[in-house]
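Peer 1: Dropping in final_27.cif, which is mmCIF, C-alpha atoms and all ligand atoms:
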```
data_upload
loop_
_atom_site.label_atom_id
_atom_site.label_comp_id
_atom_site.auth_asym_id
_atom_site.auth_seq_id
_atom_site.Cartn_x
_atom_site.Cartn_y
_atom_site.Cartn_z
CA MET A 4 8.13 -5.11 -24.44
CA GLN A 5 7.13 -1.44 -24.44
CA ALA A 6 9.49 0.99 -26.22
CA GLY A 7 10.48 4.24 -24.48
CA ARG A 8 10.82 5.15 -20.81
CA ILE A 9 8.36 3.56 -18.37
CA THR A 10 6.38 6.30 -16.63
CA VAL A 11 4.24 6.36 -13.52
CA ARG A 12 1.21 6.39 -15.82
CA ASP A 13 2.41 3.08 -17.27
CA VAL A 14 2.71 1.65 -13.76
CA ARG A 15 -0.89 2.63 -12.98
CA ALA A 16 -1.95 1.16 -16.34
CA PHE A 17 -0.38 -2.21 -15.40
CA LYS A 18 -3.00 -2.51 -12.67
CA GLU A 19 -5.83 -1.22 -14.86
CA ARG A 20 -5.00 -3.94 -17.41
CA GLY A 21 -4.49 -6.61 -14.72
CA GLU A 22 -0.84 -7.01 -15.81
CA ARG A 23 1.49 -8.30 -13.06
CA PHE A 24 4.86 -6.56 -13.03
CA ALA A 25 8.28 -6.94 -11.43
CA MET A 26 10.54 -4.49 -9.64
CA LEU A 27 14.09 -5.22 -8.48
CA THR A 28 16.41 -3.26 -6.27
CA CYS A 29 19.54 -2.08 -8.06
CA TYR A 30 22.60 -0.29 -6.74
CA ASP A 31 25.13 0.04 -9.58
CA HIS A 32 25.56 0.81 -13.27
CA PRO A 33 26.43 -2.59 -14.82
CA THR A 34 23.59 -4.31 -12.98
CA ALA A 35 21.19 -1.54 -14.06
CA ARG A 36 22.13 -2.15 -17.70
CA ILE A 37 21.55 -5.90 -17.37
CA LEU A 38 18.22 -5.57 -15.51
CA ASP A 39 17.03 -2.88 -17.94
CA ASP A 40 17.91 -5.10 -20.93
CA ALA A 41 16.09 -7.99 -19.22
CA GLY A 42 12.91 -5.89 -19.28
CA ILE A 43 12.52 -5.08 -15.59
CA PRO A 44 10.28 -2.00 -15.73
CA LEU A 45 11.02 -0.58 -12.27
CA LEU A 46 14.40 -0.32 -10.55
CA LEU A 47 14.44 0.67 -6.90
CA VAL A 48 17.67 2.13 -5.56
CA GLY A 49 16.73 0.88 -2.11
CA ASP A 50 18.33 2.03 1.11
CA SER A 51 18.95 -1.74 1.39
CA VAL A 52 22.18 -0.71 -0.37
CA GLY A 53 23.29 -0.29 3.26
CA ASN A 54 23.14 -3.98 4.20
CA ASN A 55 23.55 -5.45 0.69
CA VAL A 56 26.48 -3.41 -0.62
CA LEU A 57 27.98 -1.11 2.00
CA GLY A 58 28.39 -3.63 4.81
CA TYR A 59 26.08 -1.93 7.34
CA GLU A 60 24.01 -4.09 9.71
CA THR A 61 20.79 -2.20 8.91
CA THR A 62 19.58 0.53 6.56
CA LEU A 63 19.75 3.18 9.31
CA PRO A 64 23.27 4.56 8.68
CA VAL A 65 22.67 5.16 4.94
CA THR A 66 23.04 8.85 4.05
CA MET A 67 21.52 11.06 1.37
CA GLU A 68 24.95 11.37 -0.28
CA GLU A 69 25.30 7.57 -0.48
CA MET A 70 21.79 7.24 -1.92
CA LEU A 71 22.41 9.96 -4.53
CA HIS A 72 25.75 8.36 -5.51
CA HIS A 73 24.16 4.95 -6.16
CA THR A 74 21.05 6.44 -7.78
CA ARG A 75 23.20 8.35 -10.33
CA ALA A 76 24.98 5.12 -11.30
CA VAL A 77 21.67 3.26 -11.79
CA VAL A 78 20.10 6.13 -13.74
CA ARG A 79 23.09 6.14 -16.12
CA GLY A 80 22.51 2.43 -16.81
CA ALA A 81 18.72 2.39 -17.17
CA ALA A 82 17.60 3.39 -20.65
CA ARG A 83 14.01 2.28 -20.18
CA ALA A 84 13.23 1.44 -16.56
CA LEU A 85 11.63 3.90 -14.17
CA VAL A 86 14.20 4.54 -11.44
CA VAL A 87 12.92 5.08 -7.90
CA GLY A 88 15.22 6.58 -5.24
CA ASP A 89 14.64 5.51 -1.64
CA MET A 90 14.56 8.29 0.96
CA PRO A 91 17.01 7.21 3.71
CA PHE A 92 16.35 7.26 7.45
CA MET A 93 16.02 10.80 8.85
CA SER A 94 16.00 12.49 5.44
CA TYR A 95 12.25 13.24 5.67
CA GLN A 96 11.08 12.55 9.22
CA SER A 97 12.09 15.80 10.91
CA SER A 98 10.09 18.34 8.84
CA LEU A 99 8.07 18.66 5.66
CA GLU A 100 10.61 21.19 4.35
CA GLU A 101 13.51 18.77 4.79
CA GLY A 102 11.51 15.97 3.16
CA ILE A 103 10.66 18.15 0.16
CA ARG A 104 14.26 19.35 -0.22
CA ASN A 105 15.72 15.84 -0.04
CA ALA A 106 13.11 14.27 -2.34
CA GLY A 107 13.85 17.04 -4.84
CA ARG A 108 17.55 16.20 -4.71
CA PHE A 109 16.84 12.67 -6.02
CA LEU A 110 15.25 14.11 -9.18
CA LYS A 111 17.44 17.20 -9.58
CA GLU A 112 20.89 15.84 -8.67
CA ALA A 113 20.58 12.12 -9.45
CA GLY A 114 18.03 11.94 -12.28
CA ALA A 115 15.62 9.58 -10.46
CA HIS A 116 12.05 9.52 -11.76
CA ALA A 117 10.29 8.97 -8.43
CA VAL A 118 11.05 8.55 -4.74
CA LYS A 119 9.89 6.07 -2.09
CA LEU A 120 8.91 6.93 1.50
CA GLU A 121 8.75 4.33 4.30
CA GLY A 122 5.72 4.45 6.57
CA PRO A 123 2.50 6.42 6.47
CA HIS A 124 3.43 10.02 5.55
CA PRO A 125 0.36 11.22 3.66
CA GLU A 126 0.97 14.92 4.32
CA LEU A 127 4.50 14.83 2.94
CA ALA A 128 3.46 12.56 0.06
CA ALA A 129 0.70 14.99 -0.95
CA LYS A 130 3.11 17.95 -0.88
CA LEU A 131 5.64 16.08 -3.02
CA VAL A 132 3.01 14.99 -5.53
CA GLU A 133 1.90 18.66 -5.70
CA GLN A 134 5.50 19.58 -6.65
CA GLY A 135 5.52 16.98 -9.44
CA ILE A 136 7.53 14.36 -7.55
CA PRO A 137 5.96 10.89 -8.02
CA ILE A 138 5.77 8.98 -4.75
CA MET A 139 5.92 5.26 -4.03
CA GLY A 140 4.61 4.43 -0.54
CA HIS A 141 6.00 1.61 1.62
CA LEU A 142 3.87 0.06 4.37
CA GLY A 143 3.94 -3.04 6.58
CA LEU A 144 7.45 -3.94 7.72
CA THR A 145 9.50 -0.78 7.26
CA PRO A 146 13.16 -1.62 7.99
CA GLN A 147 13.96 1.97 9.05
CA SER A 148 11.77 1.24 12.12
CA VAL A 149 13.59 -2.00 12.98
CA ASN A 150 14.47 -0.73 16.46
CA ALA A 151 10.78 -0.25 17.23
CA THR A 152 9.25 -3.24 15.44
CA GLY A 153 11.99 -5.79 14.76
CA TYR A 154 11.88 -7.68 11.44
CA GLN A 155 8.39 -9.05 12.15
CA VAL A 156 5.42 -9.72 9.91
CA GLN A 157 3.07 -6.74 10.35
CA GLY A 158 -0.73 -6.50 10.44
CA ARG A 159 -1.39 -9.80 12.20
CA THR A 160 -3.96 -8.50 14.70
CA GLU A 161 -7.31 -7.08 13.64
CA GLU A 162 -6.36 -3.65 14.92
CA ALA A 163 -2.95 -3.67 13.18
CA ALA A 164 -4.58 -4.83 9.94
CA ARG A 165 -7.14 -2.00 10.17
CA ARG A 166 -4.32 0.54 10.73
CA LEU A 167 -2.45 -0.77 7.68
CA LEU A 168 -5.58 -0.57 5.53
CA ASP A 169 -6.21 3.01 6.72
CA SER A 170 -2.58 3.95 5.99
CA ALA A 171 -2.83 2.50 2.48
CA HIS A 172 -5.98 4.55 1.84
CA ALA A 173 -4.30 7.69 3.19
CA MET A 174 -1.22 7.19 0.98
CA GLU A 175 -3.42 6.48 -2.05
CA LYS A 176 -5.43 9.65 -1.35
CA ALA A 177 -2.17 11.60 -1.09
CA GLY A 178 -1.48 10.61 -4.70
CA CYS A 179 1.05 7.74 -4.45
CA PHE A 180 1.43 6.01 -7.84
CA SER A 181 2.14 2.69 -6.08
CA ILE A 182 2.57 1.23 -2.59
CA VAL A 183 5.10 -1.40 -1.51
CA LEU A 184 3.65 -3.87 1.04
CA GLU A 185 6.41 -5.61 2.97
CA ALA A 186 5.97 -8.67 5.20
CA VAL A 187 2.20 -8.65 5.64
CA PRO A 188 -0.10 -11.69 5.60
CA ALA A 189 -1.23 -12.61 2.07
CA ASP A 190 -4.93 -12.14 2.87
CA LEU A 191 -4.39 -8.63 4.18
CA ALA A 192 -2.25 -7.78 1.12
CA ARG A 193 -5.12 -8.99 -1.07
CA GLN A 194 -7.63 -6.88 0.85
CA ILE A 195 -5.43 -3.77 0.50
CA THR A 196 -4.73 -4.48 -3.18
CA GLU A 197 -8.44 -4.81 -3.93
CA SER A 198 -9.34 -1.63 -2.07
CA VAL A 199 -6.82 0.84 -3.55
CA ALA A 200 -6.73 2.03 -7.16
CA CYS A 201 -2.93 2.39 -7.28
CA PRO A 202 -0.82 -0.76 -7.74
CA THR A 203 0.55 -2.57 -4.70
CA ILE A 204 4.00 -4.14 -4.95
CA GLY A 205 4.58 -7.01 -2.55
CA ILE A 206 7.70 -8.31 -0.85
CA GLY A 207 6.93 -11.15 1.52
CA ALA A 208 3.25 -10.25 1.06
CA GLY A 209 1.99 -13.25 -0.91
CA PRO A 210 0.75 -13.61 -4.47
CA HIS A 211 -2.17 -11.16 -4.60
CA CYS A 212 -0.30 -7.86 -5.01
CA ASP A 213 -0.27 -6.17 -8.42
CA GLY A 214 3.51 -6.35 -8.63
CA GLN A 215 6.37 -8.07 -6.82
CA VAL A 216 9.72 -6.69 -5.71
CA LEU A 217 12.80 -8.54 -4.51
CA VAL A 218 16.28 -7.47 -3.48
CA VAL A 219 18.57 -8.15 -6.44
CA ASN A 220 21.27 -9.77 -4.25
CA ASP A 221 18.68 -12.35 -3.09
CA VAL A 222 17.51 -13.04 -6.67
CA LEU A 223 21.09 -13.56 -7.86
CA GLY A 224 22.04 -15.83 -4.95
CA LEU A 225 24.56 -13.40 -3.45
CA THR A 226 23.01 -13.21 0.01
CA GLU A 227 24.44 -15.49 2.71
CA ARG A 228 21.22 -15.79 4.73
CA PRO A 229 18.31 -14.68 2.51
CA PRO A 230 14.87 -14.09 4.04
CA LYS A 231 12.28 -16.90 3.81
CA PHE A 232 10.17 -15.11 1.19
CA ALA A 233 13.07 -14.49 -1.23
CA LYS A 234 13.82 -16.79 -4.16
CA ALA A 235 17.28 -17.17 -5.73
CA TYR A 236 17.12 -17.54 -9.52
CA ALA A 237 20.92 -17.94 -9.80
CA ASN A 238 23.83 -18.86 -7.54
CA LEU A 239 26.34 -16.07 -8.09
CA ARG A 240 28.08 -16.65 -4.75
CA GLU A 241 29.22 -20.02 -6.06
CA GLU A 242 30.00 -18.66 -9.54
CA ILE A 243 32.08 -15.77 -8.19
CA ALA A 244 33.97 -18.04 -5.79
CA ARG A 245 34.61 -20.52 -8.61
CA ALA A 246 35.91 -17.80 -10.99
CA ALA A 247 38.14 -16.22 -8.31
CA ALA A 248 39.64 -19.60 -7.34
CA ALA A 249 40.25 -20.51 -11.01
CA PHE A 250 42.08 -17.19 -11.56
CA ARG A 251 44.15 -17.67 -8.39
CA GLU A 252 45.12 -21.19 -9.46
CA GLU A 253 46.07 -20.21 -13.04
CA VAL A 254 48.22 -17.31 -11.80
CA ALA A 255 49.96 -19.62 -9.29
CA ALA A 256 50.51 -22.24 -12.02
CA GLY A 257 51.83 -19.65 -14.49
CA THR A 258 49.14 -20.56 -17.07
CA PHE A 259 47.62 -17.08 -17.05
CA PRO A 260 48.27 -14.90 -18.97
CA ASP A 261 48.80 -17.17 -21.97
CA GLU A 262 49.52 -16.22 -25.64
CA GLU A 263 45.87 -15.34 -26.28
CA HIS A 264 45.78 -12.81 -23.45
CA SER A 265 49.13 -11.08 -24.11
CA TYR A 266 50.11 -8.18 -26.40
CA HIS A 267 53.02 -8.64 -28.83
O1 LIG B 301 15.32 -0.78 0.33
C1 LIG B 301 14.72 -1.73 -0.19
O2 LIG B 301 15.32 -2.66 -0.74
C2 LIG B 301 13.28 -1.75 -0.12
C3 LIG B 301 12.58 -2.94 -0.71
C4 LIG B 301 12.68 -4.07 0.22
C5 LIG B 301 11.17 -2.65 -1.05
O3 LIG B 301 12.69 -0.86 0.42
#
```
Written as structure tokens, that's how I'd like the structure from this file.
Ligand code: KIV
Peer 2:
Amino acid sequence: MQAGRITVRDVRAFKERGERFAMLTCYDHPTARILDDAGIPLLLVGDSVGNNVLGYETTLPVTMEEMLHHTRAVVRGAARALVVGDMPFMSYQSSLEEGIRNAGRFLKEAGAHAVKLEGPHPELAAKLVEQGIPIMGHLGLTPQSVNATGYQVQGRTEEAARRLLDSAHAMEKAGCFSIVLEAVPADLARQITESVACPTIGIGAGPHCDGQVLVVNDVLGLTERPPKFAKAYANLREEIARAAAAFREEVAAGTFPDEEHSYH
């Protein structure tokens, strides 16, 4: 495992060396410490904090203040990983100035190392890169547009696939250091991956992307109804329920606290 902070140059080098890499979403300090120690090189403070942690139905209500709050906690826990802050809905869509100001806040006020933009925004991405703010693009299914597109696989028609390919080229040209591809057919993800120099990071986009990202709640088995493409590597829902019930039962039985867990 590489010593020292992962940089955007390292992320580009993963692709140059043909090295597959993992990214996970992360929303809090203890989880950041664990994922960082486990060698996850990229942590995304996704606006999926909205539906995974804050109890919102979608990512749309998530605010800049909520994103900054969670990003600070993750940054404090990540000694090595590159931390990417996710620009929430309506923090960059209304004007370039607002987008630049809010992207800057992630680096200046929360200590993030890069920010992610949903959808094709090459003009804004280029301006941010010019200001020294590394940008991760996000194309395909973009959950901030759920009211327009639904949670559907994107790029299924020839015309939609062509538009996605063009958007990927535009975001690459704008200077993105990586591009997330969400819910696109595996063949199209391969085509995009082979035609851009920056790494692609897939989620529900098949095996051909340079990297893969999953939502940490899905990986840990915390999500009640995970999406089809997600894989649970643990079952923390069961573990947490088991631990809570065991505590409840021991308190009711008067067996906790015992001698070992008391001060004298
Ligand atoms: O917010 C998020 O979790 C994301 C990932 C799904 C890429 O954008």
Peer 1: Which protein, DNA or RNA residues have an atom within 9 Å of ligand LIG 301 (chain B), counting only C-alpha atoms and all ligand atoms, as a ChimeraX atom specification?
Peer 2: /A:26-29,47-53,55,62,89,91,119-121,141,145-146,183-185,204-206,216-219
Peer 1: Find the distance between atom CA of A:Phe109 and atom CA of A:Met139 and write it in Å to one decimal.
Peer 2: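 Atom CA of A:Phe109 sits 13.3 Å away from atom CA of A:Met139.
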Peer 1: Box along x, y and z, 4 Å on every side, all listed atoms of stretch 64-69 of chain A inside: centre and edge lengths in Å to one decimal, as AutoDock Vina command-line options.
Peer 2:
```
--center_x 23.4 --center_y 8.0 --center_z 4.1 --size_x 11.8 --size_y 14.8 --size_z 17.2
```
Peer 1: Which residue, A:Pro125, A:Pro33, A:Pro44, A:Gly178, has the smallest gap to A:Val14 when you use all atoms listed in the file?
Peer 2: A:Pro44
Peer 1: Identify the residues around (-4.6, 2.5, 6.2) within a radius of 12 Å, measuring from all atoms listed in the file in the coordinates stated by the file, and give them as a ChimeraX atom specification.
Peer 2: /A:122-125,140-143,158,162-177,182,184,191-192,194-196,198-199
Peer 1: Could you tell me how far atom CA of A:Cys201 sits from atom CA of A:Gly21, in Å to one decimal place?
Peer 2: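 That distance, rounded to one decimal, is 11.8 Å.
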Peer 1: Would you please work out which residue, of A:Arg83, A:Arg228, A:Arg240, A:Arg193, is nearest to A:Asp40 when using all atoms listed in the file?
Peer 2: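 Going through A:Arg83, A:Arg228, A:Arg240, A:Arg193 one by one, the smallest distance to A:Asp40 is for A:Arg83.
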Peer 1: I'd like to know which of A:Ala249, A:Met90, A:Ala113, A:Arg104 is closest to A:Leu63, using all atoms listed in the file.
Peer 2: A:Met90
